[in-house]
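For reference, my_file20.json is printed below; it contains JSON, N, CA and C atoms.
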[["chain", "number", "residue", "atom", "x", "y", "z"],
["A", 1458, "MET", "N", 15.12, 6.21, 3.03],
["A", 1458, "MET", "CA", 13.69, 5.95, 3.13],
["A", 1458, "MET", "C", 13.22, 4.98, 2.07],
["A", 1459, "THR", "N", 13.86, 4.99, 0.92],
["A", 1459, "THR", "CA", 13.47, 4.08, -0.14],
["A", 1459, "THR", "C", 13.57, 2.64, 0.32],
["A", 1460, "GLN", "N", 14.68, 2.31, 1.00],
["A", 1460, "GLN", "CA", 14.87, 0.96, 1.48],
["A", 1460, "GLN", "C", 13.80, 0.58, 2.50],
["A", 1461, "ALA", "N", 13.46, 1.51, 3.40],
["A", 1461, "ALA", "CA", 12.43, 1.24, 4.40],
["A", 1461, "ALA", "C", 11.08, 1.05, 3.75],
["A", 1462, "ALA", "N", 10.76, 1.89, 2.76],
["A", 1462, "ALA", "CA", 9.49, 1.77, 2.06],
["A", 1462, "ALA", "C", 9.41, 0.45, 1.32],
["A", 1463, "THR", "N", 10.54, 0.06, 0.71],
["A", 1463, "THR", "CA", 10.56, -1.20, -0.01],
["A", 1463, "THR", "C", 10.37, -2.36, 0.95],
["A", 1464, "SER", "N", 11.03, -2.30, 2.10],
["A", 1464, "SER", "CA", 10.88, -3.37, 3.09],
["A", 1464, "SER", "C", 9.46, -3.44, 3.61],
["A", 1465, "ALA", "N", 8.85, -2.28, 3.88],
["A", 1465, "ALA", "CA", 7.47, -2.26, 4.36],
["A", 1465, "ALA", "C", 6.54, -2.82, 3.31],
["A", 1466, "SER", "N", 6.78, -2.45, 2.06],
["A", 1466, "SER", "CA", 5.97, -2.92, 0.96],
["A", 1466, "SER", "C", 6.08, -4.43, 0.82],
["A", 1467, "ALA", "N", 7.30, -4.93, 0.89],
["A", 1467, "ALA", "CA", 7.52, -6.36, 0.78],
["A", 1467, "ALA", "C", 6.86, -7.09, 1.95],
["A", 1468, "GLY", "N", 6.96, -6.53, 3.14],
["A", 1468, "GLY", "CA", 6.34, -7.15, 4.31],
["A", 1468, "GLY", "C", 4.84, -7.24, 4.16],
["A", 1469, "SER", "N", 4.22, -6.20, 3.64],
["A", 1469, "SER", "CA", 2.78, -6.21, 3.44],
["A", 1469, "SER", "C", 2.39, -7.29, 2.45],
["A", 1470, "SER", "N", 3.16, -7.42, 1.38],
["A", 1470, "SER", "CA", 2.88, -8.43, 0.37],
["A", 1470, "SER", "C", 2.98, -9.82, 0.97],
["A", 1471, "GLU", "N", 4.04, -10.06, 1.74],
["A", 1471, "GLU", "CA", 4.22, -11.36, 2.35],
["A", 1471, "GLU", "C", 3.11, -11.64, 3.36],
["A", 1472, "GLU", "N", 2.72, -10.61, 4.12],
["A", 1472, "GLU", "CA", 1.63, -10.77, 5.09],
["A", 1472, "GLU", "C", 0.36, -11.15, 4.36],
["A", 1473, "SER", "N", 0.09, -10.49, 3.24],
["A", 1473, "SER", "CA", -1.10, -10.75, 2.46],
["A", 1473, "SER", "C", -1.11, -12.19, 1.97],
["A", 1474, "ASP", "N", 0.01, -12.64, 1.41],
["A", 1474, "ASP", "CA", 0.09, -13.99, 0.90],
["A", 1474, "ASP", "C", -0.08, -15.01, 2.00],
["A", 1475, "ALA", "N", 0.57, -14.76, 3.13],
["A", 1475, "ALA", "CA", 0.48, -15.71, 4.24],
["A", 1475, "ALA", "C", -0.93, -15.75, 4.80],
["A", 1476, "ALA", "N", -1.56, -14.59, 4.91],
["A", 1476, "ALA", "CA", -2.89, -14.53, 5.51],
["A", 1476, "ALA", "C", -3.94, -15.16, 4.62],
["A", 1477, "THR", "N", -3.80, -15.02, 3.31],
["A", 1477, "THR", "CA", -4.81, -15.55, 2.40],
["A", 1477, "THR", "C", -4.49, -16.95, 1.94],
["A", 1478, "GLY", "N", -3.26, -17.41, 2.25],
["A", 1478, "GLY", "CA", -2.87, -18.73, 1.79],
["A", 1478, "GLY", "C", -2.61, -18.73, 0.30],
["A", 1479, "SER", "N", -2.50, -17.58, -0.29],
["A", 1479, "SER", "CA", -2.32, -17.45, -1.73],
["A", 1479, "SER", "C", -0.85, -17.52, -2.09],
["A", 1480, "THR", "N", -0.56, -18.16, -3.20],
["A", 1480, "THR", "CA", 0.82, -18.17, -3.69],
["A", 1480, "THR", "C", 1.06, -17.01, -4.62],
["A", 1481, "GLU", "N", 0.02, -16.27, -4.94],
["A", 1481, "GLU", "CA", 0.15, -15.13, -5.84],
["A", 1481, "GLU", "C", 0.68, -13.93, -5.06],
["A", 1482, "SER", "N", 1.69, -13.29, -5.60],
["A", 1482, "SER", "CA", 2.24, -12.11, -4.92],
["A", 1482, "SER", "C", 1.45, -10.88, -5.32],
["A", 1483, "ALA", "N", 1.62, -9.82, -4.53],
["A", 1483, "ALA", "CA", 0.94, -8.57, -4.83],
["A", 1483, "ALA", "C", 1.36, -8.04, -6.19],
["A", 1484, "ALA", "N", 2.60, -8.30, -6.58],
["A", 1484, "ALA", "CA", 3.11, -7.78, -7.85],
["A", 1484, "ALA", "C", 2.40, -8.41, -9.03],
["A", 1485, "THR", "N", 1.91, -9.63, -8.90],
["A", 1485, "THR", "CA", 1.26, -10.28, -10.03],
["A", 1485, "THR", "C", -0.24, -10.04, -10.05],
["A", 1486, "ALA", "N", -0.75, -9.30, -9.10],
["A", 1486, "ALA", "CA", -2.19, -9.06, -9.02],
["A", 1486, "ALA", "C", -2.59, -7.81, -9.81],
["A", 1487, "GLY", "N", -1.78, -7.42, -10.80],
["A", 1487, "GLY", "CA", -2.12, -6.27, -11.63],
["A", 1487, "GLY", "C", -1.95, -4.96, -10.89],
["A", 1488, "THR", "N", -0.82, -4.77, -10.22],
["A", 1488, "THR", "CA", -0.65, -3.61, -9.37],
["A", 1488, "THR", "C", 0.22, -2.51, -9.99],
["A", 1489, "THR", "N", 0.37, -2.49, -11.31],
["A", 1489, "THR", "CA", 1.16, -1.42, -11.92],
["A", 1489, "THR", "C", 0.68, -0.04, -11.52],
["A", 1490, "PRO", "N", -0.63, 0.24, -11.50],
["A", 1490, "PRO", "CA", -1.07, 1.56, -11.03],
["A", 1490, "PRO", "C", -0.68, 1.80, -9.57],
["A", 1491, "VAL", "N", -0.65, 0.75, -8.77],
["A", 1491, "VAL", "CA", -0.26, 0.89, -7.36],
["A", 1491, "VAL", "C", 1.22, 1.25, -7.27],
["A", 1492, "VAL", "N", 2.04, 0.61, -8.07],
["A", 1492, "VAL", "CA", 3.47, 0.92, -8.09],
["A", 1492, "VAL", "C", 3.66, 2.39, -8.46],
["A", 1493, "ASN", "N", 2.93, 2.85, -9.45],
["A", 1493, "ASN", "CA", 3.02, 4.26, -9.85],
["A", 1493, "ASN", "C", 2.58, 5.18, -8.71],
["A", 1494, "ARG", "N", 1.54, 4.80, -8.00],
["A", 1494, "ARG", "CA", 1.05, 5.60, -6.87],
["A", 1494, "ARG", "C", 2.11, 5.68, -5.77],
["A", 1495, "ILE", "N", 2.77, 4.56, -5.50],
["A", 1495, "ILE", "CA", 3.80, 4.54, -4.47],
["A", 1495, "ILE", "C", 5.01, 5.37, -4.91],
["A", 1496, "LYS", "N", 5.35, 5.32, -6.17],
["A", 1496, "LYS", "CA", 6.46, 6.14, -6.66],
["A", 1496, "LYS", "C", 6.14, 7.63, -6.53],
["A", 1497, "ARG", "N", 4.89, 7.99, -6.79],
["A", 1497, "ARG", "CA", 4.48, 9.39, -6.59],
["A", 1497, "ARG", "C", 4.59, 9.78, -5.13],
["A", 1498, "ALA", "N", 4.16, 8.88, -4.25],
["A", 1498, "ALA", "CA", 4.26, 9.15, -2.81],
["A", 1498, "ALA", "C", 5.72, 9.29, -2.39],
["A", 1499, "GLN", "N", 6.58, 8.50, -2.99],
["A", 1499, "GLN", "CA", 8.01, 8.59, -2.70],
["A", 1499, "GLN", "C", 8.53, 9.98, -3.10],
["A", 1500, "GLY", "N", 8.09, 10.48, -4.23],
["A", 1500, "GLY", "CA", 8.47, 11.82, -4.65],
["A", 1500, "GLY", "C", 7.93, 12.88, -3.71],
["A", 1501, "GLN", "N", 6.69, 12.70, -3.27],
["A", 1501, "GLN", "CA", 6.10, 13.64, -2.32],
["A", 1501, "GLN", "C", 6.88, 13.63, -1.01],
["A", 1502, "LEU", "N", 7.29, 12.46, -0.57],
["A", 1502, "LEU", "CA", 8.04, 12.36, 0.67],
["A", 1502, "LEU", "C", 9.40, 13.05, 0.54],
["A", 1503, "SER", "N", 10.02, 12.93, -0.61],
["A", 1503, "SER", "CA", 11.27, 13.66, -0.86],
["A", 1503, "SER", "C", 11.04, 15.16, -0.75],
["A", 1504, "GLY", "N", 9.89, 15.59, -1.26],
["A", 1504, "GLY", "CA", 9.53, 17.00, -1.15],
["A", 1504, "GLY", "C", 9.34, 17.43, 0.29],
["A", 1505, "VAL", "N", 8.77, 16.57, 1.10],
["A", 1505, "VAL", "CA", 8.59, 16.88, 2.53],
["A", 1505, "VAL", "C", 9.96, 17.04, 3.20],
["A", 1506, "LEU", "N", 10.88, 16.16, 2.88],
["A", 1506, "LEU", "CA", 12.22, 16.26, 3.44],
["A", 1506, "LEU", "C", 12.87, 17.59, 3.07],
["A", 1507, "ARG", "N", 12.73, 17.98, 1.80],
["A", 1507, "ARG", "CA", 13.27, 19.28, 1.36],
["A", 1507, "ARG", "C", 12.62, 20.42, 2.12],
["A", 1508, "MET", "N", 11.31, 20.34, 2.30],
["A", 1508, "MET", "CA", 10.60, 21.38, 3.03],
["A", 1508, "MET", "C", 11.13, 21.52, 4.46],
["A", 1509, "LEU", "N", 11.37, 20.38, 5.10],
["A", 1509, "LEU", "CA", 11.91, 20.40, 6.46],
["A", 1509, "LEU", "C", 13.31, 21.01, 6.49],
["A", 1510, "GLU", "N", 14.13, 20.60, 5.54],
["A", 1510, "GLU", "CA", 15.49, 21.14, 5.48],
["A", 1510, "GLU", "C", 15.51, 22.63, 5.22],
["A", 1511, "GLU", "N", 14.50, 23.12, 4.48],
["A", 1511, "GLU", "CA", 14.41, 24.55, 4.17],
["A", 1511, "GLU", "C", 13.73, 25.34, 5.27],
["A", 1512, "GLY", "N", 13.20, 24.64, 6.28],
["A", 1512, "GLY", "CA", 12.52, 25.32, 7.38],
["A", 1512, "GLY", "C", 11.18, 25.91, 6.98],
["A", 1513, "ARG", "N", 10.47, 25.22, 6.10],
["A", 1513, "ARG", "CA", 9.17, 25.70, 5.62],
["A", 1513, "ARG", "C", 8.13, 25.69, 6.73],
["A", 1514, "ASP", "N", 7.03, 26.35, 6.48],
["A", 1514, "ASP", "CA", 5.92, 26.49, 7.42],
["A", 1514, "ASP", "C", 5.39, 25.12, 7.85],
["A", 1515, "LEU", "N", 5.14, 24.99, 9.13],
["A", 1515, "LEU", "CA", 4.67, 23.73, 9.70],
["A", 1515, "LEU", "C", 3.40, 23.23, 9.02],
["A", 1516, "GLN", "N", 2.45, 24.11, 8.79],
["A", 1516, "GLN", "CA", 1.19, 23.69, 8.17],
["A", 1516, "GLN", "C", 1.40, 23.14, 6.77],
["A", 1517, "GLU", "N", 2.31, 23.73, 6.00],
["A", 1517, "GLU", "CA", 2.61, 23.23, 4.66],
["A", 1517, "GLU", "C", 3.21, 21.83, 4.73],
["A", 1518, "VAL", "N", 4.13, 21.64, 5.68],
["A", 1518, "VAL", "CA", 4.78, 20.33, 5.84],
["A", 1518, "VAL", "C", 3.74, 19.28, 6.23],
["A", 1519, "VAL", "N", 2.90, 19.60, 7.20],
["A", 1519, "VAL", "CA", 1.88, 18.65, 7.65],
["A", 1519, "VAL", "C", 0.90, 18.32, 6.53],
["A", 1520, "ASN", "N", 0.52, 19.31, 5.73],
["A", 1520, "ASN", "CA", -0.37, 19.04, 4.60],
["A", 1520, "ASN", "C", 0.26, 18.06, 3.62],
["A", 1521, "GLN", "N", 1.54, 18.22, 3.35],
["A", 1521, "GLN", "CA", 2.22, 17.30, 2.44],
["A", 1521, "GLN", "C", 2.34, 15.90, 3.05],
["A", 1522, "LEU", "N", 2.59, 15.83, 4.35],
["A", 1522, "LEU", "CA", 2.65, 14.53, 5.01],
["A", 1522, "LEU", "C", 1.30, 13.82, 4.94],
["A", 1523, "LYS", "N", 0.22, 14.57, 5.11],
["A", 1523, "LYS", "CA", -1.12, 13.99, 4.99],
["A", 1523, "LYS", "C", -1.34, 13.44, 3.59],
["A", 1524, "ALA", "N", -0.86, 14.16, 2.58],
["A", 1524, "ALA", "CA", -1.01, 13.71, 1.20],
["A", 1524, "ALA", "C", -0.24, 12.41, 0.96],
["A", 1525, "VAL", "N", 0.96, 12.32, 1.50],
["A", 1525, "VAL", "CA", 1.76, 11.11, 1.36],
["A", 1525, "VAL", "C", 1.06, 9.95, 2.05],
["A", 1526, "SER", "N", 0.57, 10.18, 3.24],
["A", 1526, "SER", "CA", -0.12, 9.15, 4.00],
["A", 1526, "SER", "C", -1.35, 8.64, 3.25],
["A", 1527, "ARG", "N", -2.14, 9.57, 2.72],
["A", 1527, "ARG", "CA", -3.34, 9.17, 1.95],
["A", 1527, "ARG", "C", -2.96, 8.35, 0.73],
["A", 1528, "ALA", "N", -1.90, 8.77, 0.04],
["A", 1528, "ALA", "CA", -1.48, 8.05, -1.16],
["A", 1528, "ALA", "C", -1.06, 6.62, -0.82],
["A", 1529, "LEU", "N", -0.34, 6.45, 0.27],
["A", 1529, "LEU", "CA", 0.09, 5.11, 0.67],
["A", 1529, "LEU", "C", -1.10, 4.26, 1.14],
["A", 1530, "ASP", "N", -2.03, 4.87, 1.86],
["A", 1530, "ASP", "CA", -3.23, 4.14, 2.28],
["A", 1530, "ASP", "C", -4.01, 3.65, 1.07],
["A", 1531, "ARG", "N", -4.19, 4.53, 0.11],
["A", 1531, "ARG", "CA", -4.94, 4.15, -1.10],
["A", 1531, "ARG", "C", -4.23, 3.05, -1.88],
["A", 1532, "ALA", "N", -2.90, 3.08, -1.88],
["A", 1532, "ALA", "CA", -2.15, 2.02, -2.54],
["A", 1532, "ALA", "C", -2.41, 0.68, -1.85],
["A", 1533, "GLY", "N", -2.40, 0.68, -0.53],
["A", 1533, "GLY", "CA", -2.69, -0.54, 0.22],
["A", 1533, "GLY", "C", -4.08, -1.07, -0.06],
["A", 1534, "PHE", "N", -5.05, -0.18, -0.07],
["A", 1534, "PHE", "CA", -6.43, -0.59, -0.36],
["A", 1534, "PHE", "C", -6.54, -1.14, -1.78],
["A", 1535, "ALA", "N", -5.83, -0.53, -2.72],
["A", 1535, "ALA", "CA", -5.87, -0.99, -4.11],
["A", 1535, "ALA", "C", -5.27, -2.39, -4.24],
["A", 1536, "ILE", "N", -4.21, -2.67, -3.49],
["A", 1536, "ILE", "CA", -3.60, -4.00, -3.53],
["A", 1536, "ILE", "C", -4.58, -5.04, -3.02],
["A", 1537, "ILE", "N", -5.25, -4.73, -1.92],
["A", 1537, "ILE", "CA", -6.23, -5.67, -1.36],
["A", 1537, "ILE", "C", -7.40, -5.86, -2.32],
["A", 1538, "ALA", "N", -7.87, -4.78, -2.91],
["A", 1538, "ALA", "CA", -8.98, -4.88, -3.85],
["A", 1538, "ALA", "C", -8.60, -5.73, -5.07],
["A", 1539, "ALA", "N", -7.38, -5.57, -5.55],
["A", 1539, "ALA", "CA", -6.93, -6.36, -6.70],
["A", 1539, "ALA", "C", -6.89, -7.84, -6.36],
["A", 1540, "GLN", "N", -6.42, -8.16, -5.15],
["A", 1540, "GLN", "CA", -6.38, -9.56, -4.73],
["A", 1540, "GLN", "C", -7.79, -10.12, -4.60],
["A", 1541, "LEU", "N", -8.69, -9.35, -4.02],
["A", 1541, "LEU", "CA", -10.08, -9.79, -3.88],
["A", 1541, "LEU", "C", -10.72, -10.00, -5.25],
["A", 1542, "ARG", "N", -10.48, -9.07, -6.15],
["A", 1542, "ARG", "CA", -11.03, -9.17, -7.51],
["A", 1542, "ARG", "C", -10.51, -10.42, -8.21],
["A", 1543, "GLU", "N", -9.21, -10.67, -8.09],
["A", 1543, "GLU", "CA", -8.61, -11.85, -8.72],
["A", 1543, "GLU", "C", -9.16, -13.13, -8.12],
["A", 1544, "SER", "N", -9.33, -13.17, -6.82],
["A", 1544, "SER", "CA", -9.89, -14.36, -6.17],
["A", 1544, "SER", "C", -11.33, -14.59, -6.62],
["A", 1545, "ALA", "N", -12.09, -13.52, -6.73],
["A", 1545, "ALA", "CA", -13.49, -13.65, -7.16],
["A", 1545, "ALA", "C", -13.55, -14.14, -8.61],
["A", 1546, "ARG", "N", -12.66, -13.61, -9.45],
["A", 1546, "ARG", "CA", -12.62, -14.01, -10.86],
["A", 1546, "ARG", "C", -12.31, -15.49, -11.01],
["A", 1547, "SER", "N", -11.39, -15.98, -10.21],
["A", 1547, "SER", "CA", -10.98, -17.38, -10.34],
["A", 1547, "SER", "C", -11.97, -18.31, -9.63],
["A", 1548, "GLY", "N", -12.89, -17.74, -8.86],
["A", 1548, "GLY", "CA", -13.90, -18.53, -8.17],
["A", 1548, "GLY", "C", -13.36, -19.28, -6.97],
["A", 1549, "SER", "N", -12.22, -18.83, -6.47],
["A", 1549, "SER", "CA", -11.60, -19.55, -5.36],
["A", 1549, "SER", "C", -11.61, -18.75, -4.06],
["A", 1550, "VAL", "N", -12.74, -18.12, -3.77],
["A", 1550, "VAL", "CA", -12.82, -17.31, -2.55],
["A", 1550, "VAL", "C", -13.56, -18.11, -1.48],
["A", 1551, "SER", "N", -12.81, -18.50, -0.47],
["A", 1551, "SER", "CA", -13.43, -19.20, 0.65],
["A", 1551, "SER", "C", -13.73, -18.19, 1.75],
["A", 1552, "ASP", "N", -14.49, -18.62, 2.73],
["A", 1552, "ASP", "CA", -14.76, -17.75, 3.88],
["A", 1552, "ASP", "C", -13.47, -17.39, 4.60],
["A", 1553, "ASP", "N", -12.54, -18.34, 4.68],
["A", 1553, "ASP", "CA", -11.25, -18.07, 5.32],
["A", 1553, "ASP", "C", -10.47, -17.00, 4.54],
["A", 1554, "ASP", "N", -10.51, -17.09, 3.20],
["A", 1554, "ASP", "CA", -9.84, -16.09, 2.37],
["A", 1554, "ASP", "C", -10.44, -14.71, 2.61],
["A", 1555, "LEU", "N", -11.76, -14.64, 2.64],
["A", 1555, "LEU", "CA", -12.43, -13.36, 2.88],
["A", 1555, "LEU", "C", -12.10, -12.81, 4.27],
["A", 1556, "ASP", "N", -12.07, -13.68, 5.26],
["A", 1556, "ASP", "CA", -11.71, -13.25, 6.62],
["A", 1556, "ASP", "C", -10.29, -12.69, 6.65],
["A", 1557, "ALA", "N", -9.37, -13.37, 5.98],
["A", 1557, "ALA", "CA", -7.97, -12.92, 5.96],
["A", 1557, "ALA", "C", -7.85, -11.58, 5.25],
["A", 1558, "LEU", "N", -8.53, -11.43, 4.11],
["A", 1558, "LEU", "CA", -8.49, -10.15, 3.39],
["A", 1558, "LEU", "C", -9.11, -9.04, 4.22],
["A", 1559, "GLU", "N", -10.17, -9.36, 4.93],
["A", 1559, "GLU", "CA", -10.80, -8.36, 5.80],
["A", 1559, "GLU", "C", -9.84, -7.91, 6.90],
["A", 1560, "ARG", "N", -9.13, -8.85, 7.51],
["A", 1560, "ARG", "CA", -8.15, -8.49, 8.55],
["A", 1560, "ARG", "C", -7.06, -7.58, 7.98],
["A", 1561, "ILE", "N", -6.57, -7.92, 6.81],
["A", 1561, "ILE", "CA", -5.53, -7.10, 6.18],
["A", 1561, "ILE", "C", -6.08, -5.70, 5.87],
["A", 1562, "PHE", "N", -7.28, -5.67, 5.32],
["A", 1562, "PHE", "CA", -7.93, -4.39, 4.99],
["A", 1562, "PHE", "C", -8.07, -3.52, 6.24],
["A", 1563, "LEU", "N", -8.57, -4.11, 7.30],
["A", 1563, "LEU", "CA", -8.79, -3.35, 8.52],
["A", 1563, "LEU", "C", -7.49, -2.92, 9.19],
["A", 1564, "SER", "N", -6.41, -3.65, 8.94],
["A", 1564, "SER", "CA", -5.12, -3.25, 9.51],
["A", 1564, "SER", "C", -4.63, -1.93, 8.93],
["A", 1565, "LEU", "N", -5.14, -1.56, 7.76],
["A", 1565, "LEU", "CA", -4.77, -0.28, 7.14],
["A", 1565, "LEU", "C", -5.57, 0.89, 7.70],
["A", 1566, "ALA", "N", -6.68, 0.59, 8.33],
["A", 1566, "ALA", "CA", -7.56, 1.65, 8.83],
["A", 1566, "ALA", "C", -7.04, 2.28, 10.11]]

Can the structure in the file be given as structure tokens, please?
Amino acid sequence: MTQAATSASAGSSEESDAATGSTESAATAGTTPVVNRIKRAQGQLSGVLRMLEEGRDLQEVVNQLKAVSRALDRAGFAIIAAQLRESARSGSVSDDDLDALERIFLSLA
């Protein structure tokens, strides 16, 4: 799962860069807290796998899956917010950039 998560993460970053026309990667947009959030979600997902292997209660497993999903959604939103903040700071936000960021943002919803 780590490899899949990494690939998905990299794909999102590339999609973001391509959509905004930005040469800045998600990693350089000040995303250390996001990386930490994703690592926590990775740990939670490992816990879900253990729960499944142990035959734990369905409701407990689903609750943990919801927590992982929320953590990943929030990480995605934080990446987009960081890019928007950086673009606003540099004064280089065009209508096309805002439209692209909006599309990326809405793709997470």

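Going from CA of Asp1554 in chain A over to CA of Leu1541 in chain A, you cover 8.9 Å.
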
Counting only C-alpha atoms, note down every residue that has an atom within 12 Å of the point (-2.3, 3.5, -10.3) (file coordinates), as a ChimeraX atom specification. /A:1487-1498,1528-1529,1531-1536,1539

Distance in Å - atom C of Gly1500 in chain A versus atom C of Gln1521 in chain A: 9.3 Å

Could you tell me how far atom N of Asp1556 in chain A lies from atom N of Asp1530 in chain A, in Å and to one decimal? 21.4 Å

Test item: residues at most 8 Å from Ile1537 in chain A, all atoms listed in the file, excluding those fewer than 6 positions along its chain, as a compact mmCIF listing (two decimals) with N, CA and C atoms, in the coordinates of the input:
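Result file selection_19.txt:
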# COMPACT_ATOMS: atom_id res chain seq x y z
N ALA A 1483 1.62 -9.82 -4.53
CA ALA A 1483 0.94 -8.57 -4.83
C ALA A 1483 1.36 -8.04 -6.19
N ARG A 1531 -4.19 4.53 0.11
CA ARG A 1531 -4.94 4.15 -1.10
C ARG A 1531 -4.23 3.05 -1.88
N GLU A 1543 -9.21 -10.67 -8.09
CA GLU A 1543 -8.61 -11.85 -8.72
C GLU A 1543 -9.16 -13.13 -8.12
N LEU A 1558 -8.53 -11.43 4.11
CA LEU A 1558 -8.49 -10.15 3.39
C LEU A 1558 -9.11 -9.04 4.22
N ILE A 1561 -6.57 -7.92 6.81
CA ILE A 1561 -5.53 -7.10 6.18
C ILE A 1561 -6.08 -5.70 5.87
N PHE A 1562 -7.28 -5.67 5.32
CA PHE A 1562 -7.93 -4.39 4.99
C PHE A 1562 -8.07 -3.52 6.24

Contacts of range 1505-1508 of chain A at 10 Å (only C-alpha atoms; same-chain gap of 3+ positions) as a PyMOL selection string: chain A and resi 1499-1502+1511-1515+1517-1522+1525
